[in-house]
Structure formats: structure tokens, C-alpha cells
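File shown: my_file_34.txt (compact mmCIF, C-alpha atoms).
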# COMPACT_ATOMS: atom_id res chain seq x y z
CA GLN G 1379 5.80 15.14 -30.57
CA GLU G 1380 5.04 13.13 -27.45
CA CYS G 1381 5.42 15.11 -24.20
CA ALA G 1382 4.81 12.41 -21.57
CA PHE G 1383 7.89 13.59 -19.68
CA LEU G 1384 6.17 16.88 -18.83
CA TYR G 1385 3.92 17.30 -15.80
CA PRO G 1386 0.42 18.74 -16.44
CA SER G 1387 1.44 22.01 -14.76
CA GLU G 1388 4.51 22.24 -17.01
CA LYS G 1389 2.37 21.72 -20.11
CA ALA G 1390 0.03 24.47 -18.95
CA GLU G 1391 2.95 26.89 -18.50
CA LEU G 1392 4.27 25.94 -21.94
CA VAL G 1393 0.97 26.98 -23.48
CA LYS G 1394 0.71 30.11 -21.34
CA GLN G 1395 4.24 31.45 -21.80
CA LYS G 1396 5.40 30.04 -25.16
CA TYR G 1397 2.02 29.54 -26.89
CA MET G 1398 3.12 26.00 -27.66
CA HIS G 1399 0.45 23.32 -27.54
CA PRO G 1400 2.04 19.93 -26.80
CA TRP G 1401 0.32 16.74 -27.75
CA THR G 1402 -2.58 16.27 -25.35
CA GLU G 1403 -2.79 13.38 -22.94
CA ASP G 1404 -6.01 12.15 -24.57
CA ALA G 1405 -4.31 12.06 -27.98
CA GLU G 1406 -1.36 10.21 -26.51
CA ASN G 1407 -3.58 7.63 -24.82
CA ASN G 1408 -5.55 7.18 -28.03
CA TYR G 1409 -2.31 6.62 -29.95
CA HIS G 1410 -1.12 3.91 -27.55
CA GLU G 1411 -4.53 2.24 -27.66
CA GLN G 1412 -4.52 2.25 -31.46
CA VAL G 1413 -1.05 0.71 -31.49
CA MET G 1414 -2.17 -2.06 -29.17
CA MET G 1415 -5.22 -2.68 -31.39
CA THR G 1416 -3.09 -3.06 -34.54
CA PRO G 1417 -3.12 -6.90 -34.48
CA LEU G 1418 -6.93 -6.87 -34.49
CA ARG G 1419 -7.14 -4.52 -37.47
CA MET G 1420 -4.64 -6.57 -39.47
CA THR G 1421 -6.28 -9.93 -38.81
CA SER G 1422 -8.13 -11.52 -41.72
CA GLY G 1423 -8.56 -15.01 -40.32
CA GLN G 1424 -8.06 -16.11 -36.73
CA LEU G 1425 -6.44 -14.10 -33.94
CA ILE G 1426 -5.12 -15.80 -30.80
CA LEU G 1427 -4.27 -13.45 -27.95
CA VAL G 1428 -1.97 -15.01 -25.34
CA VAL G 1429 -2.07 -13.28 -21.96
CA ARG G 1430 -0.79 -13.87 -18.44
CA GLU G 1431 -3.18 -13.23 -15.60
CA ARG G 1432 -0.41 -13.11 -13.01
CA MET G 1433 3.27 -12.32 -13.06
CA GLY G 1434 5.44 -12.83 -10.00
CA GLY G 1435 2.34 -13.59 -7.93
CA GLU G 1436 0.67 -10.28 -8.85
CA GLN G 1437 -2.16 -9.57 -11.27
CA THR G 1438 -1.07 -8.08 -14.58
CA LEU G 1439 -2.72 -5.08 -16.21
CA LYS G 1440 -5.39 -6.23 -18.67
CA HIS G 1441 -4.75 -5.67 -22.36
CA PRO G 1442 -7.25 -3.09 -23.79
CA LEU G 1443 -8.54 -5.73 -26.20
CA ILE G 1444 -9.41 -8.04 -23.29
CA VAL G 1445 -11.23 -5.20 -21.53
CA ARG G 1446 -13.22 -4.40 -24.68
CA LEU G 1447 -14.10 -8.02 -25.35
CA GLU G 1448 -15.30 -8.52 -21.74
CA GLN G 1449 -17.57 -5.51 -22.09
CA GLN G 1450 -19.04 -6.47 -25.48
CA ILE G 1451 -19.26 -10.28 -25.37
CA GLU G 1452 -21.44 -11.91 -22.71
CA ASN G 1453 -20.14 -15.45 -23.23
CA ILE G 1454 -16.48 -14.44 -23.42
CA GLU G 1455 -15.50 -17.46 -21.31
CA ASP G 1456 -16.59 -19.75 -24.18
CA PHE G 1457 -13.68 -18.40 -26.21
CA VAL G 1458 -11.06 -18.52 -23.44
CA VAL G 1459 -8.73 -21.49 -23.23
CA ARG G 1460 -6.72 -21.97 -20.04
CA PRO G 1461 -4.11 -24.66 -20.71
CA SER G 1462 -2.89 -26.69 -17.78
CA ILE G 1463 0.10 -28.97 -17.41
CA GLY G 1464 -1.00 -32.60 -17.41
CA VAL G 1465 0.24 -35.10 -14.85
CA LYS G 1466 2.10 -37.04 -17.53
CA ASP G 1467 4.05 -33.92 -18.50
CA ARG G 1468 5.34 -33.31 -14.98
CA TYR G 1469 8.78 -34.31 -13.80
CA LYS G 1470 9.56 -35.63 -10.37
CA VAL G 1471 12.32 -33.58 -8.77
CA GLU G 1472 14.57 -35.37 -6.34
CA THR G 1473 14.90 -33.82 -2.91
CA VAL G 1474 18.30 -32.31 -2.24
CA LYS G 1475 19.44 -32.82 1.35
CA ASN G 1476 21.72 -30.00 2.37
CA GLY G 1477 23.08 -31.76 5.41
CA GLY G 1478 26.19 -29.61 5.39
CA VAL G 1479 24.32 -26.30 5.51
CA ALA G 1480 23.99 -24.95 9.03
CA ALA G 1481 20.65 -23.68 10.27
CA GLU G 1482 22.42 -20.59 11.62
CA LEU G 1483 24.83 -18.20 9.98
CA HIS G 1484 27.72 -16.86 12.04
CA PHE G 1485 29.52 -13.65 11.10
CA ASP G 1486 32.98 -12.60 12.16
CA ASN G 1487 33.40 -9.18 13.83
CA SER G 1488 29.71 -9.06 14.67
CA ASP G 1489 30.61 -6.77 17.57
CA LYS G 1490 31.12 -4.03 14.99
CA ILE G 1491 27.42 -4.05 14.13
CA GLN G 1492 25.61 -1.27 15.97
CA TRP G 1493 21.93 -1.53 16.75
CA PRO G 1494 19.91 1.69 16.32
CA ASP G 1495 18.64 3.51 19.39
CA HIS G 1496 15.05 2.96 18.29
CA LEU G 1497 12.88 0.74 16.10
CA SER G 1498 9.56 1.29 14.32
CA PRO G 1499 6.57 -1.09 14.10
CA THR G 1500 7.39 -1.62 10.42
CA SER G 1501 11.07 -2.41 10.97
CA ILE G 1502 10.43 -4.68 13.96
CA GLY G 1503 7.86 -6.53 11.84
CA THR G 1504 10.58 -7.13 9.26
CA LEU G 1505 13.00 -8.17 12.01
CA ALA G 1506 10.53 -10.71 13.40
CA GLU G 1507 9.63 -12.30 10.05
CA TYR G 1508 12.80 -11.78 8.00
CA PRO G 1509 15.75 -11.29 10.37
CA PHE G 1510 18.41 -11.81 7.68
CA ASP G 1511 16.81 -9.21 5.40
CA TYR G 1512 16.59 -6.80 8.32
CA MET G 1513 20.28 -7.21 9.13
CA MET G 1514 21.35 -6.70 5.52
CA GLU G 1515 19.15 -3.68 4.84
CA HIS G 1516 18.96 -1.88 8.19
CA LEU G 1517 22.17 -2.77 10.01
CA LEU G 1518 24.61 -3.28 7.14
CA VAL G 1519 22.75 -0.93 4.76
CA ILE G 1520 23.12 -3.35 1.84
CA THR G 1521 20.14 -3.20 -0.50
CA ASN G 1522 19.33 -4.71 -3.87
CA ASP G 1523 18.76 -1.34 -5.53
CA GLY G 1524 20.64 1.92 -5.76
CA LYS G 1525 19.59 5.18 -4.16
CA ALA G 1526 18.98 6.74 -7.58
CA LYS G 1527 16.70 3.92 -8.75
CA MET G 1528 13.11 4.95 -9.38
CA ALA G 1529 10.55 3.18 -7.18
CA ASP G 1530 8.43 0.49 -8.83
CA ALA G 1531 4.86 1.25 -9.86
CA ARG G 1532 3.25 -0.66 -6.96
CA THR G 1533 5.30 1.16 -4.32
CA THR G 1534 4.59 4.46 -6.06
CA LYS G 1535 0.84 3.79 -6.06
CA GLY G 1536 0.99 3.17 -2.32
CA ASN G 1537 2.91 6.41 -1.71
CA VAL G 1538 0.50 8.43 -3.84
CA ALA G 1539 -2.54 6.84 -2.17
CA HIS G 1540 -1.19 7.60 1.32
CA ALA G 1541 -0.51 11.23 0.40
CA VAL G 1542 -3.91 11.79 -1.24
CA ILE G 1543 -5.70 10.32 1.79
CA GLU G 1544 -3.69 12.58 4.10
CA GLU G 1545 -4.61 15.67 2.05
CA LEU G 1546 -8.34 14.91 1.99
CA PHE G 1547 -8.96 13.18 5.34
CA ALA G 1548 -6.55 14.86 7.79
CA PRO G 1549 -7.94 17.43 10.26
CA ARG G 1550 -7.48 21.04 9.25
CA ASN G 1551 -6.86 23.73 11.84
CA GLY G 1552 -6.65 21.13 14.60
CA GLY G 1553 -9.44 19.06 16.07
CA TYR G 1554 -10.82 16.33 13.83
CA SER G 1555 -12.39 15.70 10.42
CA THR G 1556 -15.99 14.51 10.24
CA PRO G 1557 -17.30 12.26 7.43
CA LYS G 1558 -19.41 15.15 6.14
CA GLU G 1559 -16.37 17.44 5.83
CA ILE G 1560 -14.35 14.69 4.13
CA GLU G 1561 -17.16 13.97 1.66
CA THR G 1562 -17.20 17.64 0.60
CA ARG G 1563 -13.42 17.63 0.15
CA ILE G 1564 -13.49 14.51 -2.01
CA GLN G 1565 -16.19 15.95 -4.24
CA ASN G 1566 -14.52 19.37 -4.64
CA GLU G 1567 -10.79 18.69 -4.33
CA TYR G 1568 -10.00 15.15 -5.45
CA GLU G 1569 -8.85 15.96 -9.00
CA LYS G 1570 -6.68 18.88 -7.90
CA VAL G 1571 -5.12 16.98 -4.99
CA TYR G 1572 -4.53 13.88 -7.12
CA LEU G 1573 -2.62 15.81 -9.80
CA LYS G 1574 -0.61 17.67 -7.17
CA VAL G 1575 0.45 14.47 -5.40
CA LEU G 1576 1.04 12.63 -8.68
CA GLU G 1577 3.54 15.29 -9.74
CA ALA G 1578 5.31 15.20 -6.37
CA LYS G 1579 5.40 11.44 -5.72
CA GLY G 1580 4.28 9.60 -8.87
CA ALA G 1581 7.10 10.06 -11.38
CA VAL G 1582 7.07 6.44 -12.58
CA LEU G 1583 3.33 6.64 -13.29
CA GLN G 1584 3.97 9.58 -15.64
CA LEU G 1585 5.98 7.40 -18.02
CA ALA G 1586 4.33 6.65 -21.36
CA GLU G 1587 4.26 2.91 -20.77
CA ASN G 1588 2.33 3.44 -17.52
CA LYS G 1589 -0.33 5.82 -18.85
CA LEU G 1590 -3.09 3.19 -18.97
CA ALA G 1591 -2.09 1.93 -15.52
CA GLU G 1592 -2.20 5.49 -14.19
CA LYS G 1593 -5.71 6.06 -15.54
CA LEU G 1594 -6.90 2.84 -13.90
CA PHE G 1595 -5.15 3.82 -10.65
CA HIS G 1596 -6.89 7.22 -10.70
CA GLU G 1597 -10.29 5.50 -10.83
CA GLN G 1598 -9.37 2.81 -8.29
CA LEU G 1599 -8.13 5.35 -5.76
CA ARG G 1600 -11.31 7.43 -6.05
CA SER G 1601 -13.37 4.28 -5.46
CA CYS G 1602 -11.22 3.40 -2.42
CA LEU G 1603 -11.74 6.86 -0.92
CA ASN G 1604 -15.51 6.54 -1.35
CA THR G 1605 -15.45 3.15 0.39
CA LEU G 1606 -13.26 4.47 3.21
CA LEU G 1607 -15.69 7.36 3.69
CA GLU G 1608 -18.59 4.89 3.80
CA ILE G 1609 -16.81 2.93 6.56
CA LEU G 1610 -16.34 6.11 8.60
CA LYS G 1611 -20.04 6.93 8.29
CA GLU G 1612 -21.27 3.44 9.18
CA ASN G 1613 -19.02 3.23 12.26
CA GLU G 1614 -19.47 6.87 13.36
CA LEU G 1615 -15.74 7.54 13.23
CA LYS G 1616 -13.96 10.90 13.15
CA VAL G 1617 -10.40 11.30 11.85
CA THR G 1618 -8.05 12.74 14.48
CA GLY G 1619 -4.85 12.53 12.47
CA CYS G 1620 -3.02 11.23 9.39
CA GLU G 1621 0.65 10.23 9.36
CA SER G 1622 0.65 10.82 13.13
CA TYR G 1623 3.99 10.50 14.93
CA VAL G 1624 3.97 8.37 18.08
CA GLU G 1625 6.74 7.17 20.39
CA CYS G 1626 6.92 4.89 23.39
CA GLN G 1627 9.40 3.30 25.79
CA MET G 1628 9.12 -0.48 25.54
CA ASP G 1629 12.44 -1.60 27.06
CA LEU G 1630 13.69 -3.41 23.97
CA GLY G 1631 17.29 -3.44 25.17
CA LEU G 1632 18.50 -1.00 22.51
CA PRO G 1633 21.31 1.56 22.99
CA LYS G 1634 20.16 4.70 24.80
CA ALA G 1635 19.26 7.65 22.60
CA ILE G 1636 20.96 10.92 23.54
CA ASP G 1637 19.67 14.36 22.51
CA LYS G 1638 21.83 17.39 21.68
CA GLU G 1639 22.01 18.46 25.31
CA GLY G 1640 23.24 15.04 26.39
CA ASN G 1641 19.97 13.96 27.98
CA ILE G 1642 18.68 10.41 27.57
CA LYS G 1643 15.54 10.14 25.46
CA ASN G 1644 12.94 7.97 27.12
CA ARG G 1645 11.81 6.14 24.01
CA ASP G 1646 12.98 3.17 21.96
CA MET G 1647 9.99 2.72 19.63
CA VAL G 1648 8.87 5.42 17.19
CA GLY G 1649 6.38 5.21 14.37
CA THR G 1650 4.02 7.02 12.04
CA ILE G 1651 0.41 5.85 12.05
CA ASP G 1652 -1.38 6.17 8.72
CA MET G 1653 -4.68 7.26 10.28
CA THR G 1654 -5.89 7.72 13.85
CA LEU G 1655 -9.60 8.00 14.57
CA GLU G 1656 -12.11 8.19 17.43
CA ASP G 1657 -15.41 6.34 17.70
CA GLU G 1658 -18.62 7.74 19.18
CA ASP G 1659 -17.37 6.87 22.69
CA ARG G 1660 -14.06 8.67 22.00
CA HIS G 1661 -12.02 5.47 22.04
CA PRO G 1662 -9.00 5.49 19.69
CA VAL G 1663 -8.93 3.54 16.42
CA VAL G 1664 -6.03 2.90 14.03
CA PHE G 1665 -6.21 2.29 10.27
CA ASP G 1666 -3.10 1.10 8.43
CA PHE G 1667 -3.26 1.44 4.64
CA LYS G 1668 -1.74 -1.06 2.22
CA TRP G 1669 -1.76 -0.95 -1.58
CA THR G 1670 -1.44 -4.62 -2.46
CA THR G 1671 -2.78 -7.37 -4.71
CA TRP G 1672 -2.02 -9.97 -2.03
CA ALA G 1673 -4.86 -9.43 0.42
CA LYS G 1674 -4.62 -12.99 1.72
CA GLY G 1675 -1.20 -12.31 3.22
CA TYR G 1676 -2.62 -9.64 5.54
CA GLN G 1677 -5.71 -11.72 6.27
CA ASP G 1678 -3.46 -14.58 7.36
CA LYS G 1679 -1.45 -12.28 9.62
CA LEU G 1680 -4.62 -11.32 11.47
CA SER G 1681 -6.04 -14.86 11.55
CA GLU G 1682 -2.76 -16.30 12.85
CA ASN G 1683 -2.14 -13.40 15.26
CA ARG G 1684 1.10 -12.41 13.49
CA SER G 1685 0.33 -8.78 12.71
CA VAL G 1686 3.31 -7.29 14.54
CA GLN G 1687 2.90 -3.83 13.04
CA LEU G 1688 -0.75 -3.41 14.08
CA GLU G 1689 -0.14 -4.76 17.58
CA PHE G 1690 2.70 -2.32 18.19
CA TYR G 1691 0.50 0.52 16.94
CA ARG G 1692 -2.19 -0.65 19.34
CA MET G 1693 0.19 -0.58 22.29
CA MET G 1694 1.87 2.69 21.29
CA LEU G 1695 -1.47 4.45 20.89
CA GLY G 1696 -2.45 3.05 24.29
CA CYS G 1697 0.70 4.58 25.82
CA GLU G 1698 -0.20 7.96 24.37
CA LYS G 1699 -3.98 7.96 24.83
CA LYS G 1700 -4.04 6.02 28.13
CA ASP G 1701 -7.05 4.13 26.79
CA GLU G 1702 -7.28 0.35 26.84
CA GLU G 1703 -10.24 0.14 24.45
CA LYS G 1704 -8.72 0.55 21.02
CA ARG G 1705 -9.27 -1.09 17.65
CA VAL G 1706 -6.75 -1.54 14.84
CA ALA G 1707 -7.34 -2.57 11.22
CA TYR G 1708 -5.83 -2.91 7.77
CA PHE G 1709 -7.53 -1.04 4.93
CA LEU G 1710 -6.38 -2.84 1.79
CA MET G 1711 -6.39 -1.12 -1.60
CA PRO G 1712 -7.40 -1.37 -4.42
CA GLU G 1713 -9.68 -4.08 -2.98
CA ALA G 1714 -11.13 -1.42 -0.65
CA ARG G 1715 -11.82 -3.74 2.27
CA LEU G 1716 -11.21 -3.30 6.00
CA TYR G 1717 -9.83 -6.31 7.91
CA SER G 1718 -9.55 -6.46 11.68
CA GLN G 1719 -9.65 -8.79 14.68
CA GLU G 1720 -12.21 -6.38 16.16
CA GLU G 1721 -15.73 -5.71 14.92
CA PHE G 1722 -16.55 -2.93 12.47
CA LYS G 1723 -19.95 -2.35 10.86
CA GLY G 1724 -20.61 -2.42 7.13
CA ARG G 1725 -20.44 -4.61 4.04
CA ASN G 1726 -16.83 -3.60 3.38
CA CYS G 1727 -15.58 -4.65 6.83
CA HIS G 1728 -14.45 -8.17 7.71
CA GLN G 1729 -13.70 -9.46 11.20
CA LEU G 1730 -11.10 -12.23 11.40
CA THR G 1731 -10.92 -14.31 14.57
CA PRO G 1732 -7.29 -15.18 15.46
CA ASP G 1733 -6.14 -18.70 16.31
CA ASN G 1734 -4.89 -17.40 19.66
CA ARG G 1735 -4.88 -14.25 21.72
CA ASP G 1736 -1.23 -14.32 22.77
CA ASN G 1737 0.36 -10.94 23.40
CA ILE G 1738 2.89 -10.99 20.56
CA VAL G 1739 4.35 -7.64 21.61
CA GLU G 1740 5.29 -9.03 25.02
CA GLN G 1741 6.69 -12.15 23.36
CA LEU G 1742 8.93 -10.03 21.14
CA LYS G 1743 10.05 -7.92 24.09
CA GLN G 1744 11.00 -11.04 26.04
CA SER G 1745 13.04 -12.32 23.11
CA ALA G 1746 14.92 -9.03 22.69

Can you give me the file's structure in the form of C-alpha cells?
Amino acid sequence: QECAFLYPSEKAELVKQKYMHPWTEDAENNYHEQVMMTPLRMTSGQLILVVRERMGGEQTLKHPLIVRLEQQIENIEDFVVRPSIGVKDRYKVETVKNGGVAAELHFDNSDKIQWPDHLSPTSIGTLAEYPFDYMMEHLLVITNDGKAKMADARTTKGNVAHAVIEELFAPRNGGYSTPKEIETRIQNEYEKVYLKVLEAKGAVLQLAENKLAEKLFHEQLRSCLNTLLEILKENELKVTGCESYVECQMDLGLPKAIDKEGNIKNRDMVGTIDMTLEDEDRHPVVFDFKWTTWAKGYQDKLSENRSVQLEFYRMMLGCEKKDEEKRVAYFLMPEARLYSQEEFKGRNCHQLTPDNRDNIVEQLKQSA
């Protein structure tokens, strides 16, 4: 009987306490692979496999047959047909002029809406780019999913990746983590830490239909950690913190925050930085991790000087460290590339020059 609903630790206890040996994960994966290979075994003439490379703008998981064919056939592209819609088959769609639709939406009783006493770099980034979404989700608390709904696989991968990085890269017993210490942890602790975090945060990846995706994710994450370690070595960086809490007073015009004693809290911006580091000159550096298949979106934010989240992290870290020389960057996974407006050394680092150097944090403060 299939036992995909059990965590590895639960299976181990089942064997230890009840002497019951559930179906192993390898047997389960082999079964699913055999099922997916059934069309190939039953084909006597010609087999046409129809696949989608992207769904909803994101890359789909490759069918095992495609993976096997790519590995065994050098000229696989000779057998691939990519149909395209011809010009003659296209229809011209008339433009609909919504002259009666106002550019602004006005709500009655808007005075009932209460702004929070603080914002975060993530939420203010949403507010700047998608104000209507921000109002619905953060002010009116109206979302498109229920609280009991399980997170999607992509979000779950990001949560697991963040937690694994924190476990292996964060300083232990204070101070900082050097690349040499981190390398030893990855070699000795990765498997144990991965399984621990997967059980705590990766429920959706434990489902039977996601087993192949989980195996691929396990390999991708390990590769990303190795690349991240390589970047630390090449740039002589030490990790000073993971998931570090920072706060700052930026005069955003929000309601005053009051503590339990009735005192006013002198902060209106709070955030958690994925990773803080120091270079060889002890200047602060910020890495923000993203698990995404849409790397171009983050590249464009840097090139067009629209990366609100990173710029707020830059300013908030400056408030705390009192250091004007600071670098911020996105580390995108599973691509395993570092993107920044500042220079970093190494083949996995890419510097993007922005169209302008306007202070977008000050611009947002002025519009508050």
C-alpha cells in the first residue's frame, strides 16, 4: 500500500515500533515512472507525445520520457515539431473603448479603513506596484484563497529553500559564518536539514503527484547552495545573519504605534532580511532570495530602478549599521544567479546598470 502521506520520520517509527515496512519511496517513484512509461511500452507503430513547455507563463515539469529521450538521442530536435499559428489563421480583435470606465475607483465609507502602524519592504513594494491588490489583501483582508488552503508548490519551494539556507548559512553562537564553515555544513548536514525542513514546511511536496518534482527540487536546491557558497568565496563575504529583523523610522505618515506601556514606538518600517553579510572591508551587504522561473521580471526591476524592496532594505540596513557603503542583490533560484546594480565578482554574478539613479525611497516617502 502506498504511504506517501507519511513523513520519512513517521515511516521510520512505524518500522521501529510496529515492525511494519511500508512501501519504500524508491518503489513508489519507480511505480509512478512505470505508469508514465506505459504508452511507450504499448506502442507498436508511431507514438506522438504532446507536451507544453510553459503553463501560465511558467515552465512545466518535463515528462520522464522527454528527459530520457534528451539523454539518449543526440539529434532529438530533429524529431520535435513546434507548431505555430499562421498569420492567415489569426483573427483581428476590435478594440473596445471603455469610455465610461473611470480611471479611479472611489469607495464609500473609506474613512473606516485603518492603515497599519508600520509597513514592510515587501508590502510597500506591493503597494507601489499594485495598490488595488494591496488594499484588498492588507487593508480589507480579502484574499482569493482560504486560510486552510495548502500553499502552491512554487511558494512551498521558496519557503523550504529559505529555511534550508538559514539552517546551513546562519551564524551559530553569534558572530558570523565563514565560507569554510558553511562548506563543511553543506557537506555534512544538507540531507538531514533538507528532510527536517521538508517535513516542517513542505507538505505539498510530499504528495504523490509531486514526488518527481520534489526529487528535482532536492537536486536544484543543493546546486543553488553550492553556487551561493562559490559567490561568498569569490567576493570574500561572511554571513552575519539570516532572516534578520530590522526596523527604521521613515516618516511615512502612518498611525503611531503604541507599546503596552503606552509609549510611542519610533518606527514605521519593519522587515526581515533574508541574508546580511559583510565584505572584507566590513561594509554591509544584503542578499534577497527568490525562487522563481521569471528571472527577467527581477532583472527589469533592477535595470529600470524599480526594486522597491531592495532599496528599502538598503536604507534600513544603513539606519542600523550607520554605513553608507552597502550593496544589495537578488539571488534567484533555481537559476542560481546573483543580480545587482552593484559589482560582484564571479561567473554567477551579473551587474545591471539602471536607467536612472533616482532615489525611489525618497520618491515614495514624498508621495505618502

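Nearest residue to His1540 of chain G, choosing from G:Leu1716, G:Ala1405, G:Ile1520, G:Leu1710 and counting all atoms listed in the file: G:Leu1710.
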
If I take atom CA of Val1624 of chain G and atom CA of Phe1665 of chain G, how far is one from the other in Å, to one decimal?
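Distance reported for this atom pair: 14.2 Å.
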
Listed atoms of segment 1496-1505 of chain G boxed axis-aligned with 5 Å per side, centre + edges as lines of an AutoDock Vina configuration file:
center_x = 10.8
center_y = -2.6
center_z = 13.8
size_x = 18.5
size_y = 21.1
size_z = 19.0

Coordinates-based distance that separates atom CA of Ala1714 of chain G from atom CA of Val1428 of chain G (Å, one decimal)
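That distance, rounded to one decimal, is 29.6 Å.
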
Tell me, as a ChimeraX atom specification, which residues lie within 10 Å of Val1582 of chain G, counting all atoms listed in the file; anything in the same chain fewer than 5 positions away does not count.
/G:1528-1535,1576-1577,1587-1589,1592

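Remark: for Gly1619 of chain G, the closest of the candidate residues G:Arg1550, G:Arg1563, G:Arg1600, G:Arg1735 is G:Arg1550 (distances computed over all atoms listed in the file).
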
So how many Å separate atom CA of Tyr1385 of chain G and atom CA of Lys1593 of chain G, to one decimal?
14.8 Å

Find, counting all atoms listed in the file, the residue in G:Arg1692, G:Lys1558, G:Lys1668, G:His1496 that gets nearest to Pro1633 of chain G.
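Residue with the minimum atom-to-atom distance to Pro1633 of chain G: G:His1496.
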
Distance criterion (all atoms listed in the file): nearest to Thr1556 of chain G out of G:Val1519, G:Leu1655, G:Val1664, G:Val1538
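Comparing G:Val1519, G:Leu1655, G:Val1664, G:Val1538 against Thr1556 of chain G, the winner is G:Leu1655.
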
Around the point (15.3, 7.7, 29.5), in the coordinates given by the file, pick out the residues reaching within 12 Å, counting only C-alpha atoms, and return them as a PyMOL selection string.
chain G and resi 1495+1626-1629+1632-1637+1640-1646

Fewer than 5 positions away in the same chain doesn't count, so skip those; otherwise give me all residues within 12 Å of Thr1731 of chain G, counting only C-alpha atoms, as a list in words.
Gln1677, Asp1678, Lys1679, Leu1680, Ser1681, Glu1682, Asn1683, Tyr1717, Ser1718, Gln1719, Glu1720 and Glu1721 of chain G
